[in-house]
$ cat entry.csv   # CSV, C-alpha atoms
chain,number,residue,atom,x,y,z
A,160,MET,CA,-61.4,22.9,-50.1
A,161,ALA,CA,-62.1,23.3,-53.8
A,162,ASP,CA,-62.8,27.0,-53.2
A,163,SER,CA,-59.5,27.5,-51.4
A,164,MET,CA,-57.6,25.8,-54.2
A,165,ALA,CA,-59.3,28.1,-56.7
A,166,ASP,CA,-58.4,31.2,-54.6
A,167,SER,CA,-54.8,30.1,-54.5
A,168,MET,CA,-54.7,29.7,-58.3
A,169,VAL,CA,-56.2,33.2,-58.8
A,170,ALA,CA,-53.8,34.7,-56.3
A,171,SER,CA,-50.8,33.4,-58.3
A,172,PHE,CA,-51.9,32.9,-61.9
A,173,TRP,CA,-48.4,31.9,-63.0
A,174,GLY,CA,-47.8,29.5,-60.2
A,175,PRO,CA,-45.3,29.6,-57.4
A,176,VAL,CA,-42.5,32.1,-57.7
A,177,THR,CA,-39.4,30.3,-58.9
A,178,SER,CA,-37.1,33.2,-59.9
A,179,THR,CA,-33.8,33.6,-58.1
A,180,THR,CA,-34.4,37.4,-57.9
A,181,GLU,CA,-37.3,39.1,-56.1
A,182,LEU,CA,-37.6,42.8,-55.7
A,183,CYS,CA,-39.2,45.0,-53.0
A,184,GLU,CA,-42.7,44.8,-54.3
A,185,GLU,CA,-45.5,42.6,-52.9
A,186,ASN,CA,-46.4,39.9,-55.4
A,187,TYR,CA,-49.8,39.8,-56.9
A,188,ALA,CA,-50.9,42.8,-54.8
A,189,ARG,CA,-52.6,44.7,-57.7
A,190,SER,CA,-53.6,42.0,-60.1
A,191,SER,CA,-53.8,38.2,-60.0
A,192,TYR,CA,-52.2,38.1,-63.4
A,193,ILE,CA,-49.2,40.3,-62.8
A,194,ALA,CA,-46.7,39.3,-60.1
A,195,GLU,CA,-45.0,42.7,-59.7
A,196,PHE,CA,-47.4,45.3,-61.0
A,197,TYR,CA,-45.3,48.4,-60.9
A,198,ASN,CA,-42.1,46.7,-62.0
A,199,THR,CA,-44.0,45.4,-65.0
A,200,LEU,CA,-45.8,48.6,-66.0
A,201,SER,CA,-42.7,50.8,-65.5
A,202,ASN,CA,-41.2,49.2,-68.7
A,203,ALA,CA,-43.9,50.9,-70.9
A,204,PRO,CA,-42.1,54.3,-71.0
A,205,CYS,CA,-38.9,52.5,-72.0
A,206,ILE,CA,-40.7,50.9,-75.0
A,207,LEU,CA,-42.2,54.3,-76.0
A,208,LEU,CA,-38.9,56.1,-75.9
A,209,ALA,CA,-37.2,53.3,-77.9
A,210,LEU,CA,-40.0,53.5,-80.5
A,211,ILE,CA,-39.6,57.2,-80.9
A,212,GLY,CA,-35.8,56.8,-81.4
A,213,LEU,CA,-36.4,54.0,-83.9
A,214,VAL,CA,-38.8,56.1,-85.9
A,215,ASN,CA,-36.3,58.9,-86.0
A,216,ALA,CA,-33.5,56.6,-87.0
A,217,LEU,CA,-35.5,55.1,-89.9
A,218,ARG,CA,-37.1,58.3,-91.1
A,219,GLN,CA,-33.7,60.0,-91.5
A,220,ARG,CA,-32.0,56.9,-92.7
A,221,PHE,CA,-29.3,56.6,-90.0
A,222,GLU,CA,-27.1,53.5,-90.2
A,223,LYS,CA,-28.8,50.2,-89.4
A,224,ARG,CA,-26.8,49.8,-86.2
A,225,PHE,CA,-28.9,52.6,-84.6
A,226,SER,CA,-32.2,51.0,-85.6
A,227,VAL,CA,-31.0,47.7,-84.1
A,228,LEU,CA,-29.9,49.6,-81.0
A,229,HIS,CA,-33.4,51.0,-80.4
A,230,ILE,CA,-35.0,47.6,-81.2
A,231,SER,CA,-32.7,46.0,-78.6
A,232,ASN,CA,-33.9,48.5,-76.0
A,233,MET,CA,-37.5,47.4,-76.8
A,234,ILE,CA,-36.6,43.8,-76.6
A,235,LEU,CA,-35.0,44.3,-73.2
A,236,SER,CA,-38.1,46.1,-71.9
A,237,ILE,CA,-40.4,43.4,-73.3
A,238,GLY,CA,-38.3,40.7,-71.7
A,239,SER,CA,-38.4,42.7,-68.4
A,240,ILE,CA,-42.2,42.8,-68.6
A,241,ILE,CA,-42.4,39.0,-69.1
A,242,PHE,CA,-40.1,38.4,-66.2
A,243,HIS,CA,-41.6,40.8,-63.6
A,244,ALA,CA,-45.2,39.7,-64.6
A,245,THR,CA,-44.5,36.1,-64.0
A,246,LEU,CA,-41.4,35.8,-61.7
A,247,GLN,CA,-40.7,32.4,-63.3
A,248,HIS,CA,-37.2,31.0,-63.3
A,249,VAL,CA,-37.3,29.9,-66.9
A,250,LEU,CA,-38.4,33.4,-68.0
A,251,GLN,CA,-35.8,35.2,-65.9
A,252,GLN,CA,-33.4,34.9,-68.8
A,253,SER,CA,-35.7,37.0,-70.9
A,254,ASP,CA,-34.7,39.9,-68.7
A,255,GLU,CA,-31.1,39.3,-67.9
A,256,THR,CA,-29.7,38.0,-71.2
A,257,PRO,CA,-31.0,41.0,-73.3
A,258,MET,CA,-29.2,43.2,-70.8
A,259,VAL,CA,-25.9,41.7,-71.8
A,260,TRP,CA,-26.8,41.7,-75.5
A,261,GLU,CA,-27.7,45.4,-75.3
A,262,ILE,CA,-24.3,46.4,-73.8
A,263,LEU,CA,-22.5,44.3,-76.4
A,264,LEU,CA,-24.3,46.3,-79.0
A,265,TYR,CA,-23.3,49.5,-77.4
A,266,LEU,CA,-19.7,48.4,-77.4
A,267,TYR,CA,-20.0,47.8,-81.1
A,268,VAL,CA,-21.5,51.2,-81.8
A,269,LEU,CA,-18.9,52.9,-79.6
A,270,TYR,CA,-15.8,51.2,-80.8
A,271,SER,CA,-16.5,50.1,-84.4
A,272,PRO,CA,-15.8,53.5,-86.1
A,273,ASP,CA,-12.1,53.2,-85.3
A,274,TRP,CA,-11.8,49.4,-85.4
A,275,HIS,CA,-9.5,48.5,-88.4
A,276,TYR,CA,-10.6,44.9,-88.6
A,277,ARG,CA,-14.3,45.5,-88.8
A,278,SER,CA,-15.5,42.0,-89.4
A,279,THR,CA,-13.8,40.6,-86.3
A,280,MET,CA,-15.7,42.8,-83.8
A,281,PRO,CA,-19.3,41.9,-84.7
A,282,THR,CA,-18.2,38.2,-85.1
A,283,PHE,CA,-16.6,38.2,-81.7
A,284,LEU,CA,-19.5,40.0,-80.0
A,285,VAL,CA,-22.1,37.7,-81.6
A,286,LEU,CA,-20.3,34.6,-80.5
A,287,TYR,CA,-19.7,36.1,-77.0
A,288,GLY,CA,-23.4,36.9,-76.7
A,289,ALA,CA,-24.5,33.5,-77.9
A,290,ALA,CA,-22.1,31.7,-75.5
A,291,PHE,CA,-23.3,33.9,-72.6
A,292,ALA,CA,-26.9,33.0,-73.3
A,293,VAL,CA,-26.2,29.3,-73.3
A,294,VAL,CA,-24.2,29.3,-70.2
A,295,HIS,CA,-26.6,31.6,-68.4
A,296,PHE,CA,-29.5,29.4,-69.3
A,297,PHE,CA,-28.0,26.4,-67.5
A,298,VAL,CA,-26.1,28.2,-64.7
A,299,ARG,CA,-27.6,31.1,-62.8
A,300,PHE,CA,-24.9,33.1,-61.2
A,301,GLN,CA,-26.5,36.1,-59.6
A,302,VAL,CA,-23.4,37.9,-58.1
A,303,VAL,CA,-21.2,37.0,-61.1
A,304,PHE,CA,-23.9,38.2,-63.5
A,305,LYS,CA,-24.1,41.6,-61.8
A,306,LEU,CA,-20.3,42.0,-61.7
A,307,HIS,CA,-20.1,40.9,-65.4
A,308,TYR,CA,-22.8,43.4,-66.4
A,309,ILE,CA,-21.1,46.2,-64.5
A,310,GLY,CA,-17.8,45.3,-66.1
A,311,LEU,CA,-19.3,45.6,-69.6
A,312,CYS,CA,-20.9,48.9,-68.7
A,313,LEU,CA,-17.6,50.3,-67.5
A,314,LEU,CA,-16.0,49.5,-70.9
A,315,CYS,CA,-18.4,52.0,-72.4
A,316,ILE,CA,-17.4,54.9,-70.3
A,317,PRO,CA,-13.9,55.7,-71.8
A,318,ARG,CA,-15.4,55.9,-75.3
A,319,MET,CA,-18.4,58.0,-74.2
A,320,TYR,CA,-16.0,60.4,-72.5
A,321,LYS,CA,-13.9,60.6,-75.7
A,322,TYR,CA,-17.0,61.5,-77.7
A,323,TYR,CA,-18.0,64.0,-75.0
A,324,ILE,CA,-14.7,66.0,-75.1
A,325,GLN,CA,-14.6,65.9,-78.9
A,326,THR,CA,-18.1,67.3,-79.2
A,327,LYS,CA,-18.3,71.1,-79.1
A,328,ASP,CA,-22.1,71.3,-79.5
A,329,LEU,CA,-23.6,72.3,-76.1
A,330,ALA,CA,-26.9,70.6,-76.6
A,331,ALA,CA,-25.1,67.3,-77.4
A,332,LYS,CA,-22.9,67.7,-74.3
A,333,ARG,CA,-26.1,68.2,-72.3
A,334,LEU,CA,-27.3,64.8,-73.6
A,335,ALA,CA,-24.1,63.2,-72.3
A,336,LYS,CA,-24.6,64.8,-68.9
A,337,LEU,CA,-28.2,63.6,-68.8
A,338,TRP,CA,-26.9,60.1,-69.6
A,339,VAL,CA,-24.6,60.3,-66.5
A,340,LEU,CA,-27.4,61.8,-64.3
A,341,THR,CA,-30.0,59.2,-65.2
A,342,ILE,CA,-27.7,56.3,-64.6
A,343,PHE,CA,-26.6,57.7,-61.3
A,344,LEU,CA,-30.2,58.3,-60.1
A,345,ALA,CA,-31.3,54.8,-61.4
A,346,THR,CA,-28.4,53.2,-59.5
A,347,VAL,CA,-29.4,55.0,-56.3
A,348,CYS,CA,-33.0,53.8,-56.8
A,349,TRP,CA,-31.9,50.2,-57.4
A,350,LEU,CA,-29.6,50.2,-54.3
A,351,VAL,CA,-32.2,51.7,-52.0
A,352,ASP,CA,-34.8,49.2,-53.1
A,353,ARG,CA,-32.4,46.3,-52.5
A,354,ILE,CA,-30.7,47.5,-49.3
A,355,PHE,CA,-33.7,49.0,-47.4
A,356,CYS,CA,-36.4,46.7,-48.6
A,357,LYS,CA,-37.5,45.6,-45.2
A,358,LYS,CA,-37.9,49.2,-44.0
A,359,LEU,CA,-39.6,50.4,-47.2
A,360,SER,CA,-42.1,47.5,-46.9
A,361,LEU,CA,-43.4,49.0,-43.6
A,362,TRP,CA,-44.1,52.4,-45.2
A,363,VAL,CA,-47.7,53.3,-46.1
A,364,ILE,CA,-46.6,53.8,-49.7
A,365,ASN,CA,-43.7,51.8,-51.1
A,366,PRO,CA,-41.6,54.2,-53.3
A,367,GLN,CA,-41.0,51.3,-55.8
A,368,GLY,CA,-37.3,51.9,-56.3
A,369,HIS,CA,-36.9,49.2,-58.9
A,370,ALA,CA,-39.8,50.6,-61.0
A,371,TRP,CA,-38.0,54.0,-61.0
A,372,TRP,CA,-34.9,52.1,-62.1
A,373,HIS,CA,-36.7,50.9,-65.2
A,374,VAL,CA,-38.0,54.4,-66.0
A,375,LEU,CA,-34.7,56.2,-65.5
A,376,MET,CA,-32.8,53.5,-67.4
A,377,GLY,CA,-35.3,53.9,-70.3
A,378,PHE,CA,-34.4,57.6,-70.4
A,379,ASN,CA,-30.7,56.7,-70.0
A,380,SER,CA,-30.8,54.5,-73.1
A,381,TYR,CA,-32.6,57.1,-75.1
A,382,PHE,CA,-30.1,59.9,-74.1
A,383,ALA,CA,-27.2,57.6,-74.9
A,384,ASN,CA,-28.7,56.6,-78.3
A,385,THR,CA,-29.4,60.2,-79.2
A,386,PHE,CA,-25.9,61.3,-78.2
A,387,LEU,CA,-24.3,58.5,-80.2
A,388,MET,CA,-26.4,59.3,-83.2
A,389,PHE,CA,-25.3,62.9,-83.0
A,390,CYS,CA,-21.6,62.0,-82.8
A,391,ARG,CA,-21.9,59.5,-85.7
A,392,ALA,CA,-23.7,62.1,-87.8
A,393,GLN,CA,-20.8,64.5,-87.1
A,394,GLN,CA,-18.3,61.9,-88.2
A,395,ARG,CA,-20.3,61.4,-91.4
A,396,GLY,CA,-20.6,65.2,-92.1
A,397,TRP,CA,-24.4,65.2,-91.8
A,398,GLU,CA,-24.6,68.6,-90.0
A,399,PRO,CA,-26.6,67.3,-87.0
A,400,ARG,CA,-28.6,69.5,-84.7
A,401,ILE,CA,-30.4,68.7,-81.5
A,402,ILE,CA,-34.2,69.4,-81.8
A,403,HIS,CA,-36.8,69.0,-79.0
A,404,LEU,CA,-40.0,67.1,-79.6
A,405,PHE,CA,-42.9,68.8,-77.9
A,406,GLY,CA,-40.3,71.2,-76.5
A,407,PHE,CA,-39.0,68.5,-74.1
A,408,LEU,CA,-37.7,65.3,-75.7
A,409,PRO,CA,-34.4,65.8,-77.6
A,410,TYR,CA,-33.7,64.1,-80.9
A,411,VAL,CA,-31.2,64.5,-83.7
A,412,LYS,CA,-32.0,66.3,-86.9
A,413,ILE,CA,-29.5,65.9,-89.8
A,414,GLN,CA,-28.9,67.4,-93.2
A,415,LYS,CA,-27.2,65.0,-95.6
A,416,SER,CA,-25.6,66.5,-98.7
A,417,ARG,CA,-26.7,64.9,-102.0
A,418,LYS,CA,-23.1,63.9,-102.8
A,419,ARG,CA,-22.8,62.0,-99.5
A,420,GLU,CA,-26.1,60.2,-100.0
$ encode --input "entry.csv" --output "structure tokens"
Amino acid sequence: MADSMADSMVASFWGPVTSTTELCEENYARSSYIAEFYNTLSNAPCILLALIGLVNALRQRFEKRFSVLHISNMILSIGSIIFHATLQHVLQQSDETPMVWEILLYLYVLYSPDWHYRSTMPTFLVLYGAAFAVVHFFVRFQVVFKLHYIGLCLLCIPRMYKYYIQTKDLAAKRLAKLWVLTIFLATVCWLVDRIFCKKLSLWVINPQGHAWWHVLMGFNSYFANTFLMFCRAQQRGWEPRIIHLFGFLPYVKIQKSRKRE
């Protein structure tokens, strides 16, 4: 009996699953310490991309908002790792709340350049994010949470489109198109994983749709950040150019004039 209890503890190191959300991946199938192995590890590329973006933003002395944006991407990925590794109800907020905070930050970056009362926007967004965190900690509303998150994402689209049509640089426009493509593919992966989970579980190899959602959304955030950095550099007259790291990964190279510095 003692051996069976020990085996049970090893099979589920973090205890029984208490989260209100479970994805289409067998729990503790690859490791006794990681509940959803692929959904956990798939956040690693997201952290790496955010780190590359952060280094570029700091090295070229972009405005602090972009450093904070890259850091928020990393925080979201770390929170996702914590949640998917444990599937504990109390840690579910470490994944979901940073999702909302990140979108609020995107709204600030997108709309603040033309916002005449600049102090009101960050104040409102901070209070909104704090209020959401408190409410979401005590009340878990899965459907409402998803609808709320989608609504916030939709608020970003008009401004992204405005920047797209104002930008003449073809490489920058390509970044915006990659942003649209990656969010579309990520959404398809997420929906397939949710809707066809029972059928996918019978396959010899599970395609791990939610893990691909993480990877694609990591690239999506990186493309969005890079595009917004380019647009902001244009507004500041910093002569931005899109350069490719290792011939593959785009990033923004700027040339600030001494007078503007």
$ residues_around --input "entry.csv" --residues "Thr326 in chain A" --least-positions-apart "2" --cutoff "12 Å" --atoms "all atoms listed in the file" --output "list in words"
Met319, Tyr320, Lys321, Tyr322, Tyr323, Ile324, Asp328, Leu329, Ala330, Ala331, Lys332, Arg333, Leu334, Ala335, Phe386, Leu387, Phe389, Cys390, Arg391, Ala392, Gln393, Gln394 and Pro399 of chain A
$ atom_distance --input "entry.csv" --atom1 "CA of Val285 in chain A" --atom2 "CA of Ser253 in chain A"
17.3 Å
$ atom_distance --input "entry.csv" --atom1 "CA of Leu359 in chain A" --atom2 "CA of Met258 in chain A"
26.8 Å
$ residues_around --input "entry.csv" --residues "range 177-189 of chain A" --least-positions-apart "2" --cutoff "6 Å" --atoms "only C-alpha atoms" --output "list in words"
Ser191, Ile193, Ala194, Glu195, Leu246, Gln247, His248 and Cys356 of chain A
$ residues_around --input "entry.csv" --residues "Asn202 in chain A" --least-positions-apart "2" --cutoff "8 Å" --atoms "only C-alpha atoms" --output "MDAnalysis selection string"
chainID A and resid 198:200 204:206 236:237 239:240 370 373:374 377
$ atom_distance --input "entry.csv" --atom1 "CA of Cys315 in chain A" --atom2 "CA of Tyr265 in chain A"
7.4 Å
$ residues_around --input "entry.csv" --residues "His403 in chain A" --least-positions-apart "2" --cutoff "12 Å" --atoms "all atoms listed in the file" --output "PyMOL selection string"
chain A and resi 330-331+334+385+400-401+405-412
$ closest_residue --input "entry.csv" --among "A:Ala209, A:Val298, A:Leu375, A:Val176" --to "Trp338 in chain A" --atoms "only C-alpha atoms"
A:Leu375
$ closest_residue --input "entry.csv" --among "A:Tyr287, A:Phe296, A:Phe242, A:Phe225" --to "Leu269 in chain A" --atoms "all atoms listed in the file"
A:Phe225
$ closest_residue --input "entry.csv" --among "A:Tyr381, A:Phe355, A:Ser416, A:Met280" --to "Gln367 in chain A" --atoms "only C-alpha atoms"
A:Phe355
$ closest_residue --input "entry.csv" --among "A:Leu344, A:Ile241, A:Ile413, A:Leu250" --to "Gln219 in chain A" --atoms "only C-alpha atoms"
A:Ile413
$ closest_residue --input "entry.csv" --among "A:Val302, A:His307, A:Ile354, A:Val268" --to "Lys223 in chain A" --atoms "all atoms listed in the file"
A:Val268
$ closest_residue --input "entry.csv" --among "A:Phe297, A:Phe196, A:Phe343, A:Trp397" --to "Gln251 in chain A" --atoms "only C-alpha atoms"
A:Phe297
$ decode --input "entry.csv" --residues "range 292-398 of chain A" --atoms "C-alpha atoms" --output "CSV table (one decimal), in the first residue's frame"
chain,number,residue,atom,x,y,z
A,292,ALA,CA,-6.3,40.7,-11.4
A,293,VAL,CA,-8.2,41.0,-8.2
A,294,VAL,CA,-11.6,40.0,-9.6
A,295,HIS,CA,-10.1,37.2,-11.7
A,296,PHE,CA,-8.4,35.8,-8.6
A,297,PHE,CA,-11.7,35.4,-6.7
A,298,VAL,CA,-14.0,34.7,-9.7
A,299,ARG,CA,-13.0,32.3,-12.5
A,300,PHE,CA,-15.1,33.1,-15.5
A,301,GLN,CA,-13.8,31.0,-18.4
A,302,VAL,CA,-16.1,32.0,-21.2
A,303,VAL,CA,-16.3,35.6,-20.1
A,304,PHE,CA,-12.5,35.7,-19.8
A,305,LYS,CA,-12.0,34.5,-23.4
A,306,LEU,CA,-14.6,37.0,-24.7
A,307,HIS,CA,-13.0,39.8,-22.7
A,308,TYR,CA,-9.5,38.9,-24.0
A,309,ILE,CA,-10.8,38.7,-27.6
A,310,GLY,CA,-12.5,42.0,-27.2
A,311,LEU,CA,-9.2,43.7,-26.0
A,312,CYS,CA,-7.3,42.1,-29.0
A,313,LEU,CA,-9.9,43.4,-31.4
A,314,LEU,CA,-9.2,47.0,-30.1
A,315,CYS,CA,-5.7,46.7,-31.4
A,316,ILE,CA,-6.6,45.9,-35.0
A,317,PRO,CA,-7.8,49.4,-36.2
A,318,ARG,CA,-4.6,51.0,-34.9
A,319,MET,CA,-2.4,48.3,-36.4
A,320,TYR,CA,-4.1,48.7,-39.7
A,321,LYS,CA,-3.6,52.5,-39.6
A,322,TYR,CA,0.1,52.0,-39.0
A,323,TYR,CA,0.2,49.5,-41.9
A,324,ILE,CA,-1.4,51.8,-44.4
A,325,GLN,CA,0.8,54.7,-43.3
A,326,THR,CA,4.0,52.7,-43.6
A,327,LYS,CA,5.6,52.6,-47.1
A,328,ASP,CA,8.5,50.4,-46.3
A,329,LEU,CA,7.9,46.9,-47.8
A,330,ALA,CA,9.9,45.0,-45.2
A,331,ALA,CA,7.9,46.7,-42.4
A,332,LYS,CA,4.6,45.8,-44.2
A,333,ARG,CA,5.8,42.2,-44.4
A,334,LEU,CA,6.1,42.2,-40.6
A,335,ALA,CA,2.5,43.3,-40.3
A,336,LYS,CA,1.5,40.5,-42.7
A,337,LEU,CA,3.5,38.0,-40.6
A,338,TRP,CA,1.7,39.3,-37.5
A,339,VAL,CA,-1.7,38.5,-39.2
A,340,LEU,CA,-0.5,35.1,-40.5
A,341,THR,CA,0.9,33.9,-37.2
A,342,ILE,CA,-2.2,34.9,-35.2
A,343,PHE,CA,-4.4,33.2,-37.8
A,344,LEU,CA,-2.4,29.9,-37.7
A,345,ALA,CA,-2.2,30.0,-33.9
A,346,THR,CA,-6.0,30.4,-33.6
A,347,VAL,CA,-6.5,27.5,-36.0
A,348,CYS,CA,-4.2,25.3,-33.8
A,349,TRP,CA,-5.9,26.4,-30.7
A,350,LEU,CA,-9.4,25.7,-32.1
A,351,VAL,CA,-8.4,22.3,-33.5
A,352,ASP,CA,-6.9,21.3,-30.2
A,353,ARG,CA,-10.0,22.2,-28.3
A,354,ILE,CA,-12.7,21.0,-30.7
A,355,PHE,CA,-11.2,17.7,-32.0
A,356,CYS,CA,-9.4,16.7,-28.8
A,357,LYS,CA,-11.1,13.3,-28.5
A,358,LYS,CA,-10.2,12.3,-32.0
A,359,LEU,CA,-6.6,13.7,-31.8
A,360,SER,CA,-6.1,11.7,-28.6
A,361,LEU,CA,-6.6,8.5,-30.6
A,362,TRP,CA,-3.9,9.3,-33.0
A,363,VAL,CA,-0.5,7.6,-32.7
A,364,ILE,CA,1.1,11.1,-32.5
A,365,ASN,CA,-0.8,14.0,-30.9
A,366,PRO,CA,-0.1,17.1,-33.0
A,367,GLN,CA,-0.1,19.2,-29.8
A,368,GLY,CA,-2.1,22.1,-31.1
A,369,HIS,CA,-1.9,24.1,-28.0
A,370,ALA,CA,1.9,23.9,-27.9
A,371,TRP,CA,2.0,25.2,-31.5
A,372,TRP,CA,-0.3,28.0,-30.3
A,373,HIS,CA,2.4,29.0,-27.9
A,374,VAL,CA,5.2,28.9,-30.5
A,375,LEU,CA,3.2,30.8,-33.1
A,376,MET,CA,2.0,33.4,-30.6
A,377,GLY,CA,5.6,33.9,-29.5
A,378,PHE,CA,6.5,34.8,-33.1
A,379,ASN,CA,3.3,36.9,-33.3
A,380,SER,CA,4.3,39.0,-30.4
A,381,TYR,CA,7.8,39.4,-31.8
A,382,PHE,CA,6.6,40.5,-35.2
A,383,ALA,CA,4.1,42.9,-33.6
A,384,ASN,CA,6.8,44.4,-31.4
A,385,THR,CA,9.3,44.8,-34.2
A,386,PHE,CA,6.6,46.4,-36.4
A,387,LEU,CA,5.6,48.9,-33.7
A,388,MET,CA,9.2,49.7,-33.0
A,389,PHE,CA,9.7,50.5,-36.7
A,390,CYS,CA,6.6,52.7,-36.8
A,391,ARG,CA,7.6,54.5,-33.6
A,392,ALA,CA,11.2,55.1,-35.0
A,393,GLN,CA,9.6,56.6,-38.1
A,394,GLN,CA,7.5,58.9,-36.0
A,395,ARG,CA,10.7,60.0,-34.2
A,396,GLY,CA,12.7,60.5,-37.4
A,397,TRP,CA,15.2,57.8,-36.5
A,398,GLU,CA,15.6,56.4,-40.0
